[in-house]
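A.B. asks: The structure's right below; bear with me while I get my questions together.
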Protein chains: 6
Amino acid sequence: MDFLVKENILINKIIEQALLEDIGTGDITSESIVPSDLKAKGIIKTSEEGVVAGLNITSLVFKKLDSEIIFQEKIKDGTKVARSKVLAEITGSARTILKGERVGLNFLQRMSGIATITSKFCQEVEDFPVRIVDTRKTTPGLRILEKYAVSMGGGHNHRFGLYDAVLIKDNHITVAGGIRPAVDSVRKQISHTVKIEVEVENLSQLQDALRVKADIIMLDNMDLDTMEEAVKIAKGKALIEASGGITLGKVRKIAQTGVDLISIGSLTHSVKALDINMEII
Amino acid sequence: MDFLVKENILINKIIEQALLEDIGTGDITSESIVPSDLKAKGIIKTSEEGVVAGLNITSLVFKKLDSEIIFQEKIKDGTKVARSKVLAEITGSARTILKGERVGLNFLQRMSGIATITSKFCQEVEDFPVRIVDTRKTTPGLRILEKYAVSMGGGHNHRFGLYDAVLIKDNHITVAGGIRPAVDSVRKQISHTVKIEVEVENLSQLQDALRVKADIIMLDNMDLDTMEEAVKIAKGKALIEASGGITLGKVRKIAQTGVDLISIGSLTHSVKALDINMEII
Amino acid sequence: MDFLVKENILINKIIEQALLEDIGTGDITSESIVPSDLKAKGIIKTSEEGVVAGLNITSLVFKKLDSEIIFQEKIKDGTKVARSKVLAEITGSARTILKGERVGLNFLQRMSGIATITSKFCQEVEDFPVRIVDTRKTTPGLRILEKYAVSMGGGHNHRFGLYDAVLIKDNHITVAGGIRPAVDSVRKQISHTVKIEVEVENLSQLQDALRVKADIIMLDNMDLDTMEEAVKIAKGKALIEASGGITLGKVRKIAQTGVDLISIGSLTHSVKALDINMEII
Amino acid sequence: MDFLVKENILINKIIEQALLEDIGTGDITSESIVPSDLKAKGIIKTSEEGVVAGLNITSLVFKKLDSEIIFQEKIKDGTKVARSKVLAEITGSARTILKGERVGLNFLQRMSGIATITSKFCQEVEDFPVRIVDTRKTTPGLRILEKYAVSMGGGHNHRFGLYDAVLIKDNHITVAGGIRPAVDSVRKQISHTVKIEVEVENLSQLQDALRVKADIIMLDNMDLDTMEEAVKIAKGKALIEASGGITLGKVRKIAQTGVDLISIGSLTHSVKALDINMEII
Amino acid sequence: MDFLVKENILINKIIEQALLEDIGTGDITSESIVPSDLKAKGIIKTSEEGVVAGLNITSLVFKKLDSEIIFQEKIKDGTKVARSKVLAEITGSARTILKGERVGLNFLQRMSGIATITSKFCQEVEDFPVRIVDTRKTTPGLRILEKYAVSMGGGHNHRFGLYDAVLIKDNHITVAGGIRPAVDSVRKQISHTVKIEVEVENLSQLQDALRVKADIIMLDNMDLDTMEEAVKIAKGKALIEASGGITLGKVRKIAQTGVDLISIGSLTHSVKALDINMEII
Amino acid sequence: MDFLVKENILINKIIEQALLEDIGTGDITSESIVPSDLKAKGIIKTSEEGVVAGLNITSLVFKKLDSEIIFQEKIKDGTKVARSKVLAEITGSARTILKGERVGLNFLQRMSGIATITSKFCQEVEDFPVRIVDTRKTTPGLRILEKYAVSMGGGHNHRFGLYDAVLIKDNHITVAGGIRPAVDSVRKQISHTVKIEVEVENLSQLQDALRVKADIIMLDNMDLDTMEEAVKIAKGKALIEASGGITLGKVRKIAQTGVDLISIGSLTHSVKALDINMEII
């Protein structure tokens, strides 16, 4: 993915919003104390082990404030690093470096937090042909960045929104009067380029979903035994996705059932920021 | 605070962005399956105990999609509720309810997560005259909502950004050549309405900060003994704020030192979403 | 599709832009001549036969100018109507009706033009199990409205943009060094929810695309004989889409080959506006 | 006109909107297949004869995506070119060239289509002292670009919107109770810098318009004989504009009547895109 | 002019910007003190004599904050009022009234200041057939409101910007090599709907401007005698506009020369706000 | 303050708005007359004595139109200059220089007008330890620039908006039932970083304000004797601000009372633009 290049319009707006929010009419501390022509160097460093994501975003934060800042990435996004690892060096106006520090770190810490937890889930299941995928349970306004962070942690992305894939849930099934009428109705209207996923709660619904040739079937909160049974029935006929309350402790067992995908909301809805700091030298 | 009323311009933009991000060109599932004139009722319910914040935001999410939605809040923001508590009922177009569900919950779960953890910190120190306060370590773009959530959990807000209060940190002190020149320089330029906070790392710096009449002094990562000493010296002469790596386990001990304020980045940078769901009935 | 409801954020922005462009600092003619409290009624009528699309948009145009305008649609979008058919009645401020007329009609005429030509293509092939689909050759800024107009004319939509489906073209194949490496590379990275379409120019490429299990295969500018052959080979193994220079004269022959989809750029890139007028009475 | 330079704010917004619409969260095909450091060269070429307009816009499309793209225009806007003529060469990141191709061509094909048809009308009347002019029947959101394309085809522009010139139509006349009161009312209020045009349907209205010294008189849907009579009466006293259902077949006869201006809605409301392609080499 | 109705998009943006600027993340005083359900009534009153303009804008300011506010205008824009005159009553939420007060008055005082000074100039020359007109020397971002205020004071508007009328100044004449080539060049390119004004500094230039049939001629900083001579020469052949350093003391003498228009930059570039206050009762 | 650097997001938006407002679809005069490759040099010069502010803004105006313009500031903002002083030289495209002239000067003249009058007030009181401060009576949308101009004139800024300091006025006191409950209520809710100012009308209210330890006390429209009394009582216990109808004639007497601050609305609400011109050479 290169959606993080300088000219990405969506991301530029996100960063602009964040800077406006923090700086507003000015950084009254730095502007009073730090001479406008003083140069400085900032070092961005981890304070704990983890997988890094978002250095490109942090770079943009500083460059949006001041196009003459030089931001040198010392590692690549997606790298697992130890404690006290230097991630980047920033050279330029001391004022700019101080002004952008918090916003830059707020992005980097959150995104690296996501990459780190994703990577832990991926490691648990690395010897299985299964994908760890994210959900739409992302922070409002930051989905593109959080899905990128998931991919940097080794995970994969589920749909980006309500617009780019069909997911028929229990409420849709109830309204339509069953899985078949729901799928028929969708198939008649949507683009031929869109896949159809159906959420099922039991094996009977699974059979229904297979009969109407759902592309993907989500096993919602199934116990391990039923899940295993479901995989036996459906494997190769549709992609099978396990979903619901999946933790680091449980994920390996779920992978063992043979599902193709494991989707995990907590990758993005309950993130522990990775501890990263900036020092001026 | 009433900054959450319908006409708040900042918040309207945040919600609009979030809806655009999730819905884009349309909810292709619901629009294909759910008749446009079908009415439904949604129930928003907790799946775990916690303090609720953001019901007004969730209400706005649905009303922005469809002004005829009726959103009845069953409790007030700031209330601590048990598991399985009904928080709100939504009545109106079934399509709208399904389209807005995820965005509405993404706000509500995150904000309630913040209120819940804040409330736990506040409870730990409730018999001390101390304030639990937030920081600028918020999610980019959502600061106004996250600071509101902190207040709903019983906490208080620190400054909103670089523009509304002075905080002189170690880097500023180094550049200025000491606490006195830093404070002098700031005082000469900033508005008389703005308070000055100085971050100190030891008792000698604390004395410097008192000498120049800092309004607030932040004790940065001090051990408990030094902190106690600092309080003895500075109490009543400036507001004293403890800061740095404060956990639920440590917070009570810190309060016992007599500090006026305890600021905690993890209130907003490492949030566990509160488990809240919506059912259509 | 209900993406055209009042609260659709994308569409509201398109209409706002169009009104700003036309009205700017004011309608100096009507504001000088028409008393601000004069009421009037406008009748929107066809001057030629066609399929109507965009009445909802036209309604929004007037309501954005003045929330008290009453806009009564006399037929539904997607209806084929004769010459001189009344499509809508507008009641309210005479000034508003005159101010909004041109912008309202500019949307309606263009969208109805698209629906009308689409409907002609659909009619040509109505006894075949084939879909007429649009392309990305839409007017910059109006894609959501133009794709809606295609659907109102009986057509279906292809992907909405570069973000919601994969289409591997000749240039991608060249860069990747063949269809297999191109598809492999894509499949490894994209979401499991996204379909893969491959553009092929001959039967050998078609075989390659089938081998790597492309979901959709686009036959690019093939002659009818080769196309028929291609359908024999691929039917049921992938969706088959005919593309390239398709006219009303040729479309039926192409449908007879048995392809699943026929995509036509001219539905949106070369539109003849449907002749529709407004009279004040 | 130089309103098409890089820094034009209106045009930058139009292009930004178009790129967002097409690329959204990313070009999932190119980003998966094309290495980020691969360079390429694209050739933009006509597939049919016509007059070119919009190369500067196409150039901006690519540069907005990536400031390092080199876009060399091989001809100037306004040039008539044969089939297979190279219009421009694009050098730079292969990904960027593939990502921007469709949006760049969508602008260029539409604008060149407008320039081409305008040029045909102009050629028909080139030996008469008459201007071919456009109308407000433009594509919502693209008026500035479409009016520029008309001028590149040799046509001239009518007013840009409701704000920059007065055009009193039948409805205004009815409301005001005649041409005189309408013109009086307008003249009293508008700026002295604004011209007044009156639409007339017969010779008696023409006399009224002359009496009140209208600057421009529009002959609305008059037959050729009446038009000729009108020119005899009004020539030199006001500018005379013919309007209504003017086709390539009729335009020369209308010019022969001696009118000063011929305004044609179809220049912009019913455009056939000029066939232009891009090849990567 | 009705460009001030609620739905005017330009004006809505101006007001939104102004409210964001003043209220930002919240009115921390009123939100802490004033109960959210307290109702109040505010009276807007003059503290000095003047002509009022902008009550509609002030009304919008309050309604944008809270759609339930009732704003009753007690007089109409354009009325001359005495000291202590009640202009409007505002009823509704006490918080909203306090929050909107400053922004509402900032608009009203400035616009009324403009209407008042304009009205004084108009009064000086009321027995002459001359128009007092404004210039482009307006406050950046507020031109539409300031030109409206001029009209409420009895003045008229000059062009709205560089886009809606031609004004050939000395620099243009120098570049073109004389008035004739300048006018020829413009006339060939601009729309037939646009008038041409030429700025002249002496009688010889005046003759040149008449020869090329300029629609309007601006006499730039001429002394009264030359101005009188100029009027004798040009009256009836072009509109004649006096310009440059015109004060209340001089304006009547200038009108006596017989010019058609007197343009005055200070109407908008050096405004004394009219003293208007709000009381809560 | 360096909030005026190129990348300031708020200021960029203000300038963009101003350029759009003036140039819109194009400068039809300059674009018709001035060749696109003609270079020119413009000289910005004062026509009267004053203090300059806003050269950086004027520079941005030109650079936003055309990044290749060279704008050389010949003096620094905040300098007092004589008549006929060259402030800046602009080199580059003649068209750009002509297009940007009016907007550039509109900012510069207004901001310099503010700096000049502020400087006059400051000079009157220069031998007293008192600050001249501004208010929220600024032009809607331009507050950040106007407060900067005040500081360039030697003044200081009061709060930037309702969000960054508390000012308890008479209406708040009435609603709360006295100064004590008002201050208590505010103190409980606001951030510890925010100062509290109370407006008092007499000495009894002053005593109340001191009792509750207001940080700043505003003496509203007090006569000089009472003011002097007030200073005796409150000096050193709170900052004392004089406010209400302060003129150049009165300001020195007010300073003599010993107040700490004098706030003056007319610095920004009733500005006489400084006479500054541009010549092309």
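Chain labels run A, B, ... following the order of the structure tokens; each chain numbers its residues from 1, and ligands are numbered from 1 in the order shown.
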What's the 6 Å shell around segment 17-22 of chain B, counting only C-alpha atoms, without same-chain residues fewer than 2 positions away, as a count of residues only?

C.D. replies: 7

A.B. asks: Determine, for each residue of chain D having at least one atom at most 6 Å from an atom of chain A, the closest pair of atoms and their separation in Å to one decimal, counting only C-alpha atoms; order by chain and ascending number, as CSV.

C.D. replies:
```
residue,atom,partner,partner_atom,distance
D:Gly26,CA,A:Phe3,CA,5.7
D:Glu31,CA,A:Met1,CA,5.2
D:Leu65,CA,A:Glu7,CA,5.3
```

A.B. asks: Taking all heavy atoms for each residue, export the selection above as a PDB file, in the first residue's frame.

C.D. replies:
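File written: out23.pdb
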```pdb
ATOM      1  N   GLY D  26      -7.656   4.307  -1.763  1.00  0.00           N
ATOM      2  CA  GLY D  26      -6.458   3.811  -2.451  1.00  0.00           C
ATOM      3  C   GLY D  26      -6.760   3.058  -3.740  1.00  0.00           C
ATOM      4  O   GLY D  26      -7.852   2.549  -3.933  1.00  0.00           O
ATOM      5  N   GLU D  31      -1.460  -0.409  -6.325  1.00  0.00           N
ATOM      6  CA  GLU D  31      -0.636  -0.431  -5.123  1.00  0.00           C
ATOM      7  C   GLU D  31      -0.161  -1.842  -4.764  1.00  0.00           C
ATOM      8  O   GLU D  31       0.847  -2.012  -4.090  1.00  0.00           O
ATOM      9  CB  GLU D  31      -1.389   0.211  -3.948  1.00  0.00           C
ATOM     10  CG  GLU D  31      -1.566   1.709  -4.166  1.00  0.00           C
ATOM     11  CD  GLU D  31      -2.519   2.366  -3.203  1.00  0.00           C
ATOM     12  OE1 GLU D  31      -2.920   1.712  -2.215  1.00  0.00           O
ATOM     13  OE2 GLU D  31      -2.874   3.547  -3.430  1.00  0.00           O
ATOM     14  N   LEU D  65      -1.355  14.391  -7.398  1.00  0.00           N
ATOM     15  CA  LEU D  65      -1.083  13.071  -6.834  1.00  0.00           C
ATOM     16  C   LEU D  65       0.377  12.947  -6.425  1.00  0.00           C
ATOM     17  O   LEU D  65       0.714  12.215  -5.507  1.00  0.00           O
ATOM     18  CB  LEU D  65      -1.388  11.984  -7.861  1.00  0.00           C
ATOM     19  CG  LEU D  65      -2.862  11.642  -8.074  1.00  0.00           C
ATOM     20  CD1 LEU D  65      -2.980  10.609  -9.184  1.00  0.00           C
ATOM     21  CD2 LEU D  65      -3.481  11.093  -6.790  1.00  0.00           C
TER      22      LEU D  65
END
```

A.B. asks: Considering only C-alpha atoms, return as a ChimeraX atom specification whatever protein or nucleic-acid residues lie within 10 Å of Asn277 of chain D, sequence-local ones (same chain, fewer than 4 positions apart) excluded.

C.D. replies: /D:42-47,84,86-87,101-102,105,108-109

A.B. asks: Run DSSP on the backbone and grab whatever in segment 67-219 of chain F lands in strand (DSSP E or B); send it over as a ChimeraX atom specification.

C.D. replies: /F:70-73,80-81,86-93,131-133,156,166-168,194,196-200,216-219

A.B. asks: Mind listing the helix (DSSP H, G or I) residues of segment 51-111 of chain D, per DSSP on the backbone, as a VMD selection string?

C.D. replies: chain D and resid 55 to 65 94 to 111

A.B. asks: Please identify every residue of segment 64-156 of chain D that has at least one atom no farther than 8 Å from an atom of segment 263-276 of chain D, counting only C-alpha atoms, and for each give the shortest atom pair and the distance in Å to one decimal, arranged by chain then increasing number, as a tab-separated table.

C.D. replies:
```
residue	atom	partner	partner_atom	distance
D:Leu105	CA	D:Ile276	CA	7.1
D:Leu108	CA	D:Ile276	CA	7.9
D:Gln109	CA	D:Leu274	CA	4.8
D:Arg110	CA	D:Ala273	CA	4.7
D:Met111	CA	D:Ala273	CA	7.7
D:Ser112	CA	D:Leu274	CA	5.8
D:Gly113	CA	D:Ala273	CA	4.6
D:Ile114	CA	D:Leu267	CA	6.0
D:Thr116	CA	D:Leu274	CA	7.8
D:Ile117	CA	D:Leu267	CA	6.5
D:Thr118	CA	D:Leu267	CA	6.1
D:Ile132	CA	D:Ser263	CA	6.0
D:Val133	CA	D:Ser263	CA	4.6
D:Asp134	CA	D:Ser263	CA	5.4
D:Thr135	CA	D:Gly265	CA	5.4
D:Arg136	CA	D:Gly265	CA	7.6
D:Lys137	CA	D:His269	CA	5.6
D:Thr138	CA	D:Thr268	CA	5.2
D:Thr139	CA	D:His269	CA	6.8
D:Glu146	CA	D:Thr268	CA	6.8
D:Val150	CA	D:Leu267	CA	7.5
```

A.B. asks: Quick one, how far is atom CA of Val175 of chain C from atom CA of Ile280 of chain D?

C.D. replies: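 Taking atom CA of Val175 of chain C and atom CA of Ile280 of chain D, their separation equals 10.2 Å.
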
A.B. asks: Mind giving me the straight-line distance from atom CA of Lys147 of chain C to atom CA of Ile75 of chain C in Å, one decimal?

C.D. replies: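 About the pair atom CA of Lys147 of chain C and atom CA of Ile75 of chain C: they are 20.0 Å apart.
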